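Asks: Below: one structure in structure tokens.
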Amino acid sequence: WTWAGAGVRTLSCGHVINRKNLLTLTIPKGPTGRSFEFVHSKRGDPEMMLDLGRLIVNACKVVPDGVVCFFPSYKYAEEVSALWSRRGILGQIGQKKVVFGEPKAADEVESVLARYKAQIESESDPRGAILFCVVGGKMSEGINFSDRLGRCVVLAGLPYPNIYDQELNERLRYLNEVSVGRPGGAGRVLAGEHMENICMKAVNQTIGRAIRHRGDYACIVLADRRYCSERGGPFRKLPDWIKEADVEHCENFGALYRNLVGFFRRMGPASA
């Protein structure tokens, strides 16, 4: 944002890939119809966690090679993993893909990535692999999941910053202070925009890990009902190279599954 009269120029660069090489799918609910709304007050709903797991189980039946799934925080990733393990979801995923998780220790990242890559390239085990990561974590920035390493990227929810972070609160307080006297609750609007900008910067960095060169192809699954409108909300802040490629706002899991099947059937090994 800027004060009235200040000039701002924006530059948005496109991508080298063919638009048909990228498919972005938004999904507002899981296979059983449970609404996907991973806000802090609702993300602990076990039925929503389980439906996310069912979505990933079914996606792993269709997506070849590597799948990378991102959670909004380490804590939430651990909660979901524990529930999936107790309820058998993790075992079902393991039947289709060898499961790897982002380590908390930085010195273990290289080893996990090496084993993940080796599994995908294995000639003796055709399952491929799935890697569970955290937005803003060690594997969401600076690491490329190109080609077979990232044929599908799944984002569970929106990684809004922690509202209890002291530095963030100081920024929000400043926005409220400089907005005193401006009409229409400008302080709240600016604070909301600031929070959303931080969130979408992290999202864009994360999904950009999958498409790395002209011949690459991948599918992005945005699992949260807040992604499902182009008129407002976070979707409008995705980069143009994503919005200008193939985008489908799926009403239900059946539509998402059909799109996944069609995309990977169309791309196939010959397109790699």
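Chain lettering (A, B, ...) mirrors the order of the structure tokens, residue numbering begins at 1 for each chain separately, and ligand numbering begins at 1 in order of display.
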I'd like the neighbourhood of Leu52 (chain A) as a short mmCIF file (atom, residue, chain, number, x, y, z; two decimals) with N, CA, C and O atoms, in the first residue's frame, where a residue qualifies if any of its atoms comes within 12 Å (using only C-alpha atoms), though same-chain residues fewer than 6 positions away should be ignored.
Replies:
data_model
loop_
_atom_site.label_atom_id
_atom_site.label_comp_id
_atom_site.auth_asym_id
_atom_site.auth_seq_id
_atom_site.Cartn_x
_atom_site.Cartn_y
_atom_site.Cartn_z
N ILE A 27 -9.79 -26.86 -4.14
CA ILE A 27 -10.79 -27.80 -3.65
C ILE A 27 -11.31 -27.33 -2.29
O ILE A 27 -10.52 -27.12 -1.37
N PRO A 28 -12.63 -27.15 -2.15
CA PRO A 28 -13.17 -26.62 -0.90
C PRO A 28 -13.53 -27.68 0.13
O PRO A 28 -13.83 -27.35 1.28
N LYS A 29 -13.51 -28.95 -0.26
CA LYS A 29 -13.91 -30.01 0.67
C LYS A 29 -13.30 -31.33 0.25
O LYS A 29 -12.88 -31.51 -0.88
N GLY A 30 -13.29 -32.26 1.20
CA GLY A 30 -12.66 -33.54 0.97
C GLY A 30 -13.59 -34.56 0.35
O GLY A 30 -14.74 -34.28 0.02
N PRO A 31 -13.10 -35.81 0.19
CA PRO A 31 -13.88 -36.87 -0.45
C PRO A 31 -15.22 -37.17 0.23
O PRO A 31 -16.18 -37.58 -0.44
N THR A 32 -15.31 -36.99 1.55
CA THR A 32 -16.58 -37.25 2.24
C THR A 32 -17.42 -35.99 2.38
O THR A 32 -18.49 -36.02 2.99
N GLY A 33 -16.93 -34.88 1.84
CA GLY A 33 -17.68 -33.62 1.89
C GLY A 33 -17.34 -32.71 3.05
O GLY A 33 -17.98 -31.67 3.22
N ARG A 34 -16.32 -33.07 3.83
CA ARG A 34 -15.93 -32.22 4.95
C ARG A 34 -15.28 -30.95 4.42
O ARG A 34 -14.35 -31.01 3.61
N SER A 35 -15.75 -29.79 4.88
CA SER A 35 -15.23 -28.52 4.40
C SER A 35 -13.77 -28.35 4.80
O SER A 35 -13.39 -28.62 5.94
N PHE A 36 -12.96 -27.91 3.84
CA PHE A 36 -11.57 -27.60 4.11
C PHE A 36 -11.46 -26.11 4.45
O PHE A 36 -11.55 -25.24 3.59
N GLU A 37 -11.27 -25.83 5.72
CA GLU A 37 -11.07 -24.46 6.18
C GLU A 37 -10.05 -24.52 7.31
O GLU A 37 -10.40 -24.64 8.49
N PHE A 38 -8.78 -24.45 6.93
CA PHE A 38 -7.70 -24.68 7.88
C PHE A 38 -7.33 -23.41 8.65
O PHE A 38 -6.14 -23.06 8.75
N ARG A 43 -8.71 -25.92 12.43
CA ARG A 43 -7.81 -26.89 11.82
C ARG A 43 -7.60 -28.13 12.67
O ARG A 43 -7.10 -29.15 12.19
N ASP A 45 -9.97 -29.99 13.76
CA ASP A 45 -11.10 -30.89 13.52
C ASP A 45 -10.58 -32.21 12.95
O ASP A 45 -10.05 -32.25 11.84
N PRO A 46 -10.73 -33.32 13.69
CA PRO A 46 -10.17 -34.59 13.22
C PRO A 46 -10.78 -35.08 11.91
O PRO A 46 -10.10 -35.70 11.10
N ASN A 58 -5.94 -40.85 -2.40
CA ASN A 58 -6.46 -41.01 -3.76
C ASN A 58 -5.60 -40.31 -4.79
O ASN A 58 -5.42 -40.81 -5.91
N ALA A 59 -5.03 -39.16 -4.43
CA ALA A 59 -4.13 -38.47 -5.36
C ALA A 59 -2.90 -39.32 -5.65
O ALA A 59 -2.40 -39.36 -6.78
N CYS A 69 3.78 -32.46 -0.13
CA CYS A 69 2.62 -31.91 0.59
C CYS A 69 3.12 -30.96 1.67
O CYS A 69 3.96 -31.33 2.49
N PHE A 70 2.58 -29.73 1.67
CA PHE A 70 3.00 -28.72 2.62
C PHE A 70 1.91 -28.42 3.65
O PHE A 70 0.74 -28.22 3.28
N PHE A 71 2.32 -28.36 4.91
CA PHE A 71 1.45 -27.96 6.01
C PHE A 71 1.82 -26.56 6.48
O PHE A 71 2.95 -26.11 6.27
N ALA A 77 1.64 -30.26 11.31
CA ALA A 77 2.09 -31.44 10.58
C ALA A 77 2.20 -32.65 11.51
O ALA A 77 1.82 -33.77 11.15
N VAL A 80 -1.41 -33.86 12.50
CA VAL A 80 -2.05 -34.58 11.40
C VAL A 80 -1.41 -35.96 11.23
O VAL A 80 -2.10 -36.98 11.08
N SER A 81 -0.09 -36.01 11.25
CA SER A 81 0.62 -37.28 11.08
C SER A 81 0.25 -38.28 12.16
O SER A 81 0.05 -39.47 11.89
N LEU A 83 -2.56 -38.41 13.91
CA LEU A 83 -3.94 -38.87 13.70
C LEU A 83 -3.98 -39.85 12.54
O LEU A 83 -4.63 -40.91 12.64
N TRP A 84 -3.31 -39.53 11.44
CA TRP A 84 -3.30 -40.44 10.30
C TRP A 84 -2.70 -41.79 10.65
O TRP A 84 -3.15 -42.82 10.17
N ILE A 89 -4.52 -44.02 7.92
CA ILE A 89 -4.37 -43.24 6.69
C ILE A 89 -2.92 -43.26 6.21
O ILE A 89 -2.63 -43.41 5.02
N LEU A 90 -1.99 -43.12 7.16
CA LEU A 90 -0.58 -43.10 6.79
C LEU A 90 -0.16 -44.42 6.15
O LEU A 90 0.63 -44.44 5.20
N ILE A 93 -1.39 -44.40 2.56
CA ILE A 93 -0.51 -43.58 1.72
C ILE A 93 0.77 -44.36 1.41
O ILE A 93 1.25 -44.36 0.27
N VAL A 154 0.83 -30.30 -3.00
CA VAL A 154 -0.43 -30.10 -2.26
C VAL A 154 -0.18 -29.11 -1.14
O VAL A 154 0.75 -29.29 -0.34
N LEU A 155 -1.00 -28.06 -1.07
CA LEU A 155 -0.94 -27.11 0.04
C LEU A 155 -2.20 -27.25 0.88
O LEU A 155 -3.31 -27.06 0.38
N ALA A 156 -2.02 -27.59 2.14
CA ALA A 156 -3.14 -27.71 3.07
C ALA A 156 -3.31 -26.39 3.81
O ALA A 156 -2.53 -26.06 4.70
N GLY A 157 -4.31 -25.61 3.42
CA GLY A 157 -4.60 -24.36 4.11
C GLY A 157 -3.74 -23.21 3.64
O GLY A 157 -3.05 -23.26 2.62
N VAL A 221 -2.32 -28.53 -6.04
CA VAL A 221 -3.62 -28.69 -5.38
C VAL A 221 -3.67 -27.76 -4.17
O VAL A 221 -2.85 -27.88 -3.25
N LEU A 222 -4.60 -26.82 -4.20
CA LEU A 222 -4.78 -25.87 -3.11
C LEU A 222 -6.00 -26.28 -2.31
O LEU A 222 -7.15 -26.07 -2.74
N ALA A 223 -5.76 -26.89 -1.16
CA ALA A 223 -6.84 -27.49 -0.38
C ALA A 223 -7.30 -26.55 0.73
O ALA A 223 -6.80 -26.58 1.85
N ASP A 224 -8.24 -25.70 0.40
CA ASP A 224 -8.88 -24.80 1.37
C ASP A 224 -9.95 -24.02 0.60
O ASP A 224 -9.69 -23.54 -0.50
N PHE A 253 -14.53 -33.48 -4.62
CA PHE A 253 -13.36 -34.31 -4.86
C PHE A 253 -13.45 -35.06 -6.18
O PHE A 253 -12.42 -35.27 -6.84
#
Asks: Excluding region 187-204 of chain A and residues on its chain fewer than 2 positions from it, collect all residues at most 10 Å away from it, counting only C-alpha atoms, and give them as JSON, numbers by chain.
Replies: {"A": [1, 70, 72, 135, 136, 137, 140, 141, 155, 157, 158, 159, 160, 161, 162, 163, 168, 169, 171, 172, 173, 174, 175, 176, 177, 178, 179, 180, 181, 182, 183, 184, 185, 206, 207, 208, 209, 222, 233, 234, 235, 236, 237, 238, 239, 242]}
Asks: Residues of region 155-239 of chain A in helix (DSSP H, G or I) according to DSSP, as a compact mmCIF listing (two decimals) with all heavy atoms, in the first residue's frame?
Replies:
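Saved the output as selection.txt:
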# COMPACT_ATOMS: atom_id res chain seq x y z
N GLN A 166 5.65 -11.08 18.34
CA GLN A 166 5.85 -9.72 18.83
C GLN A 166 6.21 -8.74 17.71
O GLN A 166 5.69 -7.62 17.64
CB GLN A 166 6.94 -9.69 19.90
CG GLN A 166 7.11 -8.32 20.56
CD GLN A 166 8.11 -8.36 21.71
OE1 GLN A 166 8.57 -9.40 22.10
NE2 GLN A 166 8.40 -7.19 22.26
N GLU A 167 7.10 -9.15 16.81
CA GLU A 167 7.50 -8.26 15.71
C GLU A 167 6.31 -7.95 14.81
O GLU A 167 6.12 -6.80 14.39
CB GLU A 167 8.62 -8.92 14.90
CG GLU A 167 9.11 -8.04 13.75
CD GLU A 167 10.22 -8.69 12.97
OE1 GLU A 167 10.82 -9.67 13.46
OE2 GLU A 167 10.50 -8.22 11.84
N LEU A 168 5.52 -8.98 14.50
CA LEU A 168 4.35 -8.76 13.67
C LEU A 168 3.36 -7.82 14.34
O LEU A 168 2.79 -6.92 13.69
CB LEU A 168 3.66 -10.10 13.36
CG LEU A 168 2.35 -10.02 12.58
CD1 LEU A 168 2.56 -9.41 11.20
CD2 LEU A 168 1.71 -11.40 12.44
N ASN A 169 3.16 -7.98 15.63
CA ASN A 169 2.23 -7.11 16.35
C ASN A 169 2.68 -5.66 16.32
O ASN A 169 1.86 -4.74 16.26
CB ASN A 169 2.07 -7.60 17.80
CG ASN A 169 0.94 -8.59 17.93
OD1 ASN A 169 -0.23 -8.23 17.78
ND2 ASN A 169 1.27 -9.84 18.20
N GLU A 170 3.99 -5.44 16.37
CA GLU A 170 4.50 -4.08 16.28
C GLU A 170 4.21 -3.47 14.91
O GLU A 170 3.86 -2.29 14.79
CB GLU A 170 6.00 -4.05 16.56
CG GLU A 170 6.36 -4.25 18.03
CD GLU A 170 5.76 -3.17 18.91
OE1 GLU A 170 5.90 -1.97 18.58
OE2 GLU A 170 5.14 -3.52 19.93
N ARG A 171 4.34 -4.27 13.87
CA ARG A 171 4.03 -3.79 12.52
C ARG A 171 2.55 -3.44 12.39
O ARG A 171 2.19 -2.41 11.80
CB ARG A 171 4.41 -4.85 11.49
CG ARG A 171 5.90 -5.09 11.36
CD ARG A 171 6.17 -6.17 10.33
NE ARG A 171 7.58 -6.49 10.22
CZ ARG A 171 8.07 -7.43 9.43
NH1 ARG A 171 7.24 -8.15 8.69
NH2 ARG A 171 9.37 -7.65 9.38
N LEU A 172 1.70 -4.31 12.91
CA LEU A 172 0.27 -4.06 12.83
C LEU A 172 -0.12 -2.83 13.65
O LEU A 172 -1.00 -2.05 13.24
CB LEU A 172 -0.51 -5.29 13.33
CG LEU A 172 -0.28 -6.59 12.53
CD1 LEU A 172 -1.11 -7.72 13.12
CD2 LEU A 172 -0.62 -6.40 11.06
N ARG A 173 0.54 -2.66 14.79
CA ARG A 173 0.26 -1.48 15.62
C ARG A 173 0.65 -0.21 14.87
O ARG A 173 -0.07 0.80 14.91
CB ARG A 173 1.04 -1.57 16.94
CG ARG A 173 0.74 -0.42 17.91
CD ARG A 173 1.52 -0.61 19.22
NE ARG A 173 2.95 -0.58 18.99
CZ ARG A 173 3.66 0.52 18.86
NH1 ARG A 173 3.07 1.72 18.92
NH2 ARG A 173 4.97 0.47 18.67
N TYR A 174 1.77 -0.27 14.16
CA TYR A 174 2.21 0.89 13.37
C TYR A 174 1.19 1.21 12.27
O TYR A 174 0.87 2.39 12.04
CB TYR A 174 3.58 0.61 12.76
CG TYR A 174 4.01 1.67 11.77
CD1 TYR A 174 4.47 2.91 12.19
CD2 TYR A 174 3.94 1.42 10.39
CE1 TYR A 174 4.85 3.89 11.28
CE2 TYR A 174 4.32 2.39 9.48
CZ TYR A 174 4.77 3.62 9.93
OH TYR A 174 5.14 4.59 9.03
N LEU A 175 0.70 0.19 11.59
CA LEU A 175 -0.29 0.42 10.53
C LEU A 175 -1.55 1.08 11.08
O LEU A 175 -2.15 1.95 10.44
CB LEU A 175 -0.63 -0.90 9.84
CG LEU A 175 0.47 -1.52 8.98
CD1 LEU A 175 0.04 -2.88 8.45
CD2 LEU A 175 0.84 -0.61 7.82
N ASN A 176 -1.94 0.66 12.27
CA ASN A 176 -3.11 1.29 12.90
C ASN A 176 -2.82 2.75 13.26
O ASN A 176 -3.68 3.61 13.10
CB ASN A 176 -3.53 0.50 14.15
CG ASN A 176 -4.32 -0.74 13.81
OD1 ASN A 176 -5.24 -0.70 13.00
ND2 ASN A 176 -3.96 -1.86 14.42
N GLU A 177 -1.62 3.02 13.75
CA GLU A 177 -1.26 4.38 14.15
C GLU A 177 -1.24 5.34 12.97
O GLU A 177 -1.77 6.45 13.04
CB GLU A 177 0.10 4.38 14.85
CG GLU A 177 0.07 3.79 16.25
CD GLU A 177 1.46 3.79 16.89
OE1 GLU A 177 2.43 4.17 16.17
OE2 GLU A 177 1.58 3.40 18.06
N VAL A 178 -0.61 4.92 11.87
CA VAL A 178 -0.50 5.81 10.71
C VAL A 178 -1.83 5.96 9.98
O VAL A 178 -1.97 6.83 9.11
CB VAL A 178 0.58 5.32 9.72
CG1 VAL A 178 1.94 5.30 10.38
CG2 VAL A 178 0.22 3.97 9.13
N ALA A 186 -9.41 2.12 7.94
CA ALA A 186 -8.23 1.88 7.10
C ALA A 186 -7.17 1.06 7.80
O ALA A 186 -6.47 0.26 7.17
CB ALA A 186 -7.64 3.23 6.66
N GLY A 187 -7.02 1.25 9.10
CA GLY A 187 -6.01 0.50 9.84
C GLY A 187 -6.26 -0.99 9.78
O GLY A 187 -5.34 -1.78 9.56
N ARG A 188 -7.52 -1.39 9.96
CA ARG A 188 -7.85 -2.81 9.90
C ARG A 188 -7.63 -3.36 8.49
O ARG A 188 -7.18 -4.49 8.32
CB ARG A 188 -9.30 -3.03 10.33
CG ARG A 188 -9.56 -2.80 11.82
CD ARG A 188 -10.93 -3.31 12.23
NE ARG A 188 -11.99 -2.63 11.50
CZ ARG A 188 -12.54 -1.47 11.86
NH1 ARG A 188 -12.08 -0.85 12.94
NH2 ARG A 188 -13.51 -0.93 11.15
N VAL A 189 -7.97 -2.55 7.49
CA VAL A 189 -7.79 -2.98 6.10
C VAL A 189 -6.30 -3.19 5.80
O VAL A 189 -5.91 -4.21 5.22
CB VAL A 189 -8.39 -1.96 5.12
CG1 VAL A 189 -8.03 -2.32 3.67
CG2 VAL A 189 -9.90 -1.89 5.29
N LEU A 190 -5.48 -2.22 6.19
CA LEU A 190 -4.05 -2.33 5.93
C LEU A 190 -3.43 -3.50 6.69
O LEU A 190 -2.57 -4.21 6.16
CB LEU A 190 -3.35 -1.03 6.33
CG LEU A 190 -3.67 0.21 5.47
CD1 LEU A 190 -2.98 1.43 6.05
CD2 LEU A 190 -3.25 -0.01 4.03
N ALA A 191 -3.86 -3.71 7.92
CA ALA A 191 -3.35 -4.84 8.71
C ALA A 191 -3.72 -6.16 8.06
O ALA A 191 -2.90 -7.08 7.97
CB ALA A 191 -3.89 -4.77 10.13
N GLY A 192 -4.97 -6.26 7.59
CA GLY A 192 -5.41 -7.48 6.92
C GLY A 192 -4.63 -7.74 5.64
O GLY A 192 -4.25 -8.88 5.35
N GLU A 193 -4.39 -6.66 4.87
CA GLU A 193 -3.61 -6.80 3.64
C GLU A 193 -2.18 -7.24 3.94
O GLU A 193 -1.60 -8.06 3.23
CB GLU A 193 -3.59 -5.46 2.89
CG GLU A 193 -4.84 -5.18 2.09
CD GLU A 193 -4.95 -6.09 0.86
OE1 GLU A 193 -4.00 -6.13 0.05
OE2 GLU A 193 -5.97 -6.78 0.74
N HIS A 194 -1.62 -6.68 5.00
CA HIS A 194 -0.25 -7.04 5.37
C HIS A 194 -0.15 -8.52 5.74
O HIS A 194 0.77 -9.23 5.29
CB HIS A 194 0.21 -6.17 6.55
CG HIS A 194 1.63 -6.42 6.96
ND1 HIS A 194 2.71 -6.14 6.15
CD2 HIS A 194 2.14 -6.92 8.12
CE1 HIS A 194 3.83 -6.47 6.77
NE2 HIS A 194 3.51 -6.94 7.96
N MET A 195 -1.11 -9.00 6.51
CA MET A 195 -1.13 -10.41 6.90
C MET A 195 -1.28 -11.30 5.68
O MET A 195 -0.59 -12.32 5.54
CB MET A 195 -2.29 -10.65 7.88
CG MET A 195 -2.17 -9.95 9.21
SD MET A 195 -1.14 -10.85 10.38
CE MET A 195 -2.28 -12.14 10.87
N GLU A 196 -2.18 -10.93 4.78
CA GLU A 196 -2.41 -11.74 3.58
C GLU A 196 -1.18 -11.72 2.66
O GLU A 196 -0.84 -12.74 2.06
CB GLU A 196 -3.63 -11.22 2.83
CG GLU A 196 -4.05 -12.13 1.67
CD GLU A 196 -5.39 -11.74 1.10
OE1 GLU A 196 -5.45 -10.76 0.31
OE2 GLU A 196 -6.40 -12.40 1.42
N ASN A 197 -0.51 -10.57 2.57
CA ASN A 197 0.69 -10.49 1.74
C ASN A 197 1.79 -11.41 2.25
O ASN A 197 2.50 -12.07 1.46
CB ASN A 197 1.19 -9.05 1.68
CG ASN A 197 0.30 -8.16 0.84
OD1 ASN A 197 -0.50 -8.64 0.02
ND2 ASN A 197 0.40 -6.86 1.04
N ILE A 198 1.97 -11.44 3.56
CA ILE A 198 2.98 -12.34 4.15
C ILE A 198 2.64 -13.80 3.83
O ILE A 198 3.49 -14.59 3.43
CB ILE A 198 3.07 -12.14 5.68
CG1 ILE A 198 3.60 -10.74 6.01
CG2 ILE A 198 3.97 -13.20 6.30
CD1 ILE A 198 3.57 -10.42 7.48
N CYS A 199 1.36 -14.12 4.00
CA CYS A 199 0.89 -15.48 3.74
C CYS A 199 1.12 -15.89 2.29
O CYS A 199 1.70 -16.94 2.00
CB CYS A 199 -0.60 -15.57 4.08
SG CYS A 199 -1.42 -17.09 3.52
N MET A 200 0.70 -15.03 1.36
CA MET A 200 0.79 -15.40 -0.06
C MET A 200 2.21 -15.37 -0.59
O MET A 200 2.53 -16.08 -1.55
CB MET A 200 -0.13 -14.50 -0.87
CG MET A 200 -1.61 -14.74 -0.60
SD MET A 200 -2.08 -16.50 -0.70
CE MET A 200 -1.77 -16.84 -2.43
N LYS A 201 3.07 -14.58 0.02
CA LYS A 201 4.48 -14.64 -0.36
C LYS A 201 5.03 -16.04 -0.06
O LYS A 201 5.74 -16.63 -0.89
CB LYS A 201 5.28 -13.59 0.40
CG LYS A 201 6.77 -13.61 0.08
CD LYS A 201 7.54 -12.58 0.89
CE LYS A 201 9.04 -12.65 0.59
NZ LYS A 201 9.82 -11.67 1.41
N ALA A 202 4.67 -16.57 1.09
CA ALA A 202 5.12 -17.92 1.46
C ALA A 202 4.51 -18.97 0.54
O ALA A 202 5.19 -19.92 0.13
CB ALA A 202 4.75 -18.20 2.92
N VAL A 203 3.22 -18.81 0.21
CA VAL A 203 2.56 -19.75 -0.70
C VAL A 203 3.24 -19.75 -2.06
O VAL A 203 3.55 -20.81 -2.63
CB VAL A 203 1.06 -19.40 -0.85
CG1 VAL A 203 0.44 -20.18 -2.02
CG2 VAL A 203 0.30 -19.71 0.43
N ASN A 204 3.50 -18.57 -2.60
CA ASN A 204 4.09 -18.46 -3.94
C ASN A 204 5.50 -19.03 -3.98
O ASN A 204 5.90 -19.66 -4.97
CB ASN A 204 4.07 -17.01 -4.39
CG ASN A 204 2.65 -16.50 -4.62
OD1 ASN A 204 1.74 -17.27 -4.86
ND2 ASN A 204 2.47 -15.19 -4.53
N GLN A 205 6.28 -18.80 -2.92
CA GLN A 205 7.61 -19.38 -2.86
C GLN A 205 7.54 -20.90 -2.83
O GLN A 205 8.37 -21.59 -3.44
CB GLN A 205 8.36 -18.87 -1.64
CG GLN A 205 8.80 -17.42 -1.74
CD GLN A 205 9.47 -16.92 -0.46
OE1 GLN A 205 9.18 -17.41 0.62
NE2 GLN A 205 10.35 -15.94 -0.59
N THR A 206 6.55 -21.41 -2.13
CA THR A 206 6.41 -22.85 -1.96
C THR A 206 6.03 -23.54 -3.27
O THR A 206 6.67 -24.50 -3.69
CB THR A 206 5.36 -23.16 -0.88
OG1 THR A 206 5.81 -22.62 0.37
CG2 THR A 206 5.16 -24.65 -0.74
N ILE A 207 4.99 -23.05 -3.92
CA ILE A 207 4.52 -23.73 -5.13
C ILE A 207 5.49 -23.53 -6.30
O ILE A 207 5.49 -24.32 -7.24
CB ILE A 207 3.10 -23.29 -5.52
CG1 ILE A 207 3.02 -21.78 -5.78
CG2 ILE A 207 2.11 -23.69 -4.46
CD1 ILE A 207 1.63 -21.30 -6.10
N ARG A 225 -11.11 -23.88 1.18
CA ARG A 225 -12.20 -23.22 0.47
C ARG A 225 -11.87 -21.76 0.16
O ARG A 225 -12.43 -21.17 -0.77
CB ARG A 225 -13.50 -23.30 1.28
CG ARG A 225 -13.53 -22.48 2.55
CD ARG A 225 -14.92 -22.43 3.17
NE ARG A 225 -14.98 -21.48 4.27
CZ ARG A 225 -15.12 -20.17 4.13
NH1 ARG A 225 -15.20 -19.65 2.92
NH2 ARG A 225 -15.16 -19.36 5.17
N ARG A 226 -10.94 -21.15 0.91
CA ARG A 226 -10.61 -19.74 0.71
C ARG A 226 -9.86 -19.51 -0.61
O ARG A 226 -9.79 -18.38 -1.09
CB ARG A 226 -9.79 -19.22 1.90
CG ARG A 226 -10.60 -19.13 3.19
CD ARG A 226 -9.69 -18.85 4.39
NE ARG A 226 -8.85 -19.99 4.70
CZ ARG A 226 -7.89 -19.99 5.62
NH1 ARG A 226 -7.64 -18.88 6.30
NH2 ARG A 226 -7.18 -21.08 5.87
N TYR A 227 -9.30 -20.57 -1.20
CA TYR A 227 -8.65 -20.44 -2.49
C TYR A 227 -9.65 -20.44 -3.65
O TYR A 227 -9.26 -20.16 -4.79
CB TYR A 227 -7.70 -21.62 -2.73
CG TYR A 227 -6.41 -21.60 -1.95
CD1 TYR A 227 -6.15 -22.58 -0.98
CD2 TYR A 227 -5.42 -20.66 -2.21
CE1 TYR A 227 -4.95 -22.61 -0.30
CE2 TYR A 227 -4.22 -20.67 -1.52
CZ TYR A 227 -3.99 -21.65 -0.56
OH TYR A 227 -2.80 -21.66 0.12
N PRO A 234 -7.33 -14.88 -1.29
CA PRO A 234 -5.91 -15.12 -1.59
C PRO A 234 -5.61 -15.51 -3.03
O PRO A 234 -4.49 -15.29 -3.50
CB PRO A 234 -5.53 -16.24 -0.61
CG PRO A 234 -6.83 -16.92 -0.29
CD PRO A 234 -7.85 -15.84 -0.30
N PHE A 235 -6.56 -16.10 -3.74
CA PHE A 235 -6.28 -16.58 -5.09
C PHE A 235 -5.78 -15.45 -5.99
O PHE A 235 -4.92 -15.65 -6.84
CB PHE A 235 -7.51 -17.23 -5.71
CG PHE A 235 -7.24 -17.89 -7.04
CD1 PHE A 235 -6.82 -19.21 -7.10
CD2 PHE A 235 -7.38 -17.19 -8.23
CE1 PHE A 235 -6.54 -19.81 -8.32
CE2 PHE A 235 -7.11 -17.78 -9.45
CZ PHE A 235 -6.69 -19.10 -9.49
N ARG A 236 -6.31 -14.26 -5.80
CA ARG A 236 -5.95 -13.14 -6.67
C ARG A 236 -4.48 -12.75 -6.51
O ARG A 236 -3.93 -12.03 -7.36
CB ARG A 236 -6.84 -11.93 -6.39
CG ARG A 236 -6.53 -11.19 -5.09
CD ARG A 236 -7.59 -10.16 -4.75
NE ARG A 236 -7.18 -9.26 -3.69
CZ ARG A 236 -7.18 -9.57 -2.40
NH1 ARG A 236 -7.59 -10.78 -2.01
NH2 ARG A 236 -6.80 -8.69 -1.50
N LYS A 237 -3.83 -13.21 -5.44
CA LYS A 237 -2.43 -12.86 -5.20
C LYS A 237 -1.46 -13.97 -5.62
O LYS A 237 -0.27 -13.88 -5.34
CB LYS A 237 -2.23 -12.49 -3.74
CG LYS A 237 -2.95 -11.19 -3.37
CD LYS A 237 -2.65 -10.71 -1.98
CE LYS A 237 -3.35 -9.38 -1.71
NZ LYS A 237 -3.13 -8.89 -0.35
Asks: Pick out each residue of region 19-228 of chain A that DSSP on the backbone tags as strand (DSSP E or B); I need them as number ranges by chain.
Replies: A: 22-27, 29, 35, 66-71, 98-101, 129-134, 152-156, 218-223
Asks: A:Gln95, A:Lys75, A:Tyr217, A:Lys42: which is nearest Ala245 (chain A), counting only C-alpha atoms?
Replies: A:Tyr217
Asks: So how far away is CA of Ile130 (chain A) from CA of Tyr76 (chain A), in Å?
Replies: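 Interatomic distance here is 17.5 Å.
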Asks: Excluding Val98 (chain A) and residues on its chain fewer than 5 positions from it, collect all residues at most 7 Å away from it, counting only C-alpha atoms, and give them as a PDB file with N, CA, C and O atoms, in the first residue's frame.
Replies:
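See selection-v6.pdb below for the written result:
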ATOM      1  N   ARG A 127       6.719 -47.285  -6.755  1.00  0.00           N
ATOM      2  CA  ARG A 127       5.732 -46.471  -6.052  1.00  0.00           C
ATOM      3  C   ARG A 127       6.015 -44.973  -6.105  1.00  0.00           C
ATOM      4  O   ARG A 127       5.095 -44.156  -6.018  1.00  0.00           O
ATOM      5  N   GLY A 128       7.270 -44.604  -6.224  1.00  0.00           N
ATOM      6  CA  GLY A 128       7.587 -43.192  -6.079  1.00  0.00           C
ATOM      7  C   GLY A 128       7.620 -42.832  -4.608  1.00  0.00           C
ATOM      8  O   GLY A 128       7.817 -43.687  -3.740  1.00  0.00           O
ATOM      9  N   ALA A 129       7.408 -41.556  -4.288  1.00  0.00           N
ATOM     10  CA  ALA A 129       7.519 -41.123  -2.895  1.00  0.00           C
ATOM     11  C   ALA A 129       6.677 -39.885  -2.645  1.00  0.00           C
ATOM     12  O   ALA A 129       6.286 -39.169  -3.575  1.00  0.00           O
ATOM     13  N   ILE A 130       6.378 -39.655  -1.367  1.00  0.00           N
ATOM     14  CA  ILE A 130       5.696 -38.437  -0.944  1.00  0.00           C
ATOM     15  C   ILE A 130       6.504 -37.821   0.184  1.00  0.00           C
ATOM     16  O   ILE A 130       7.009 -38.534   1.068  1.00  0.00           O
TER      17      ILE A 130
END
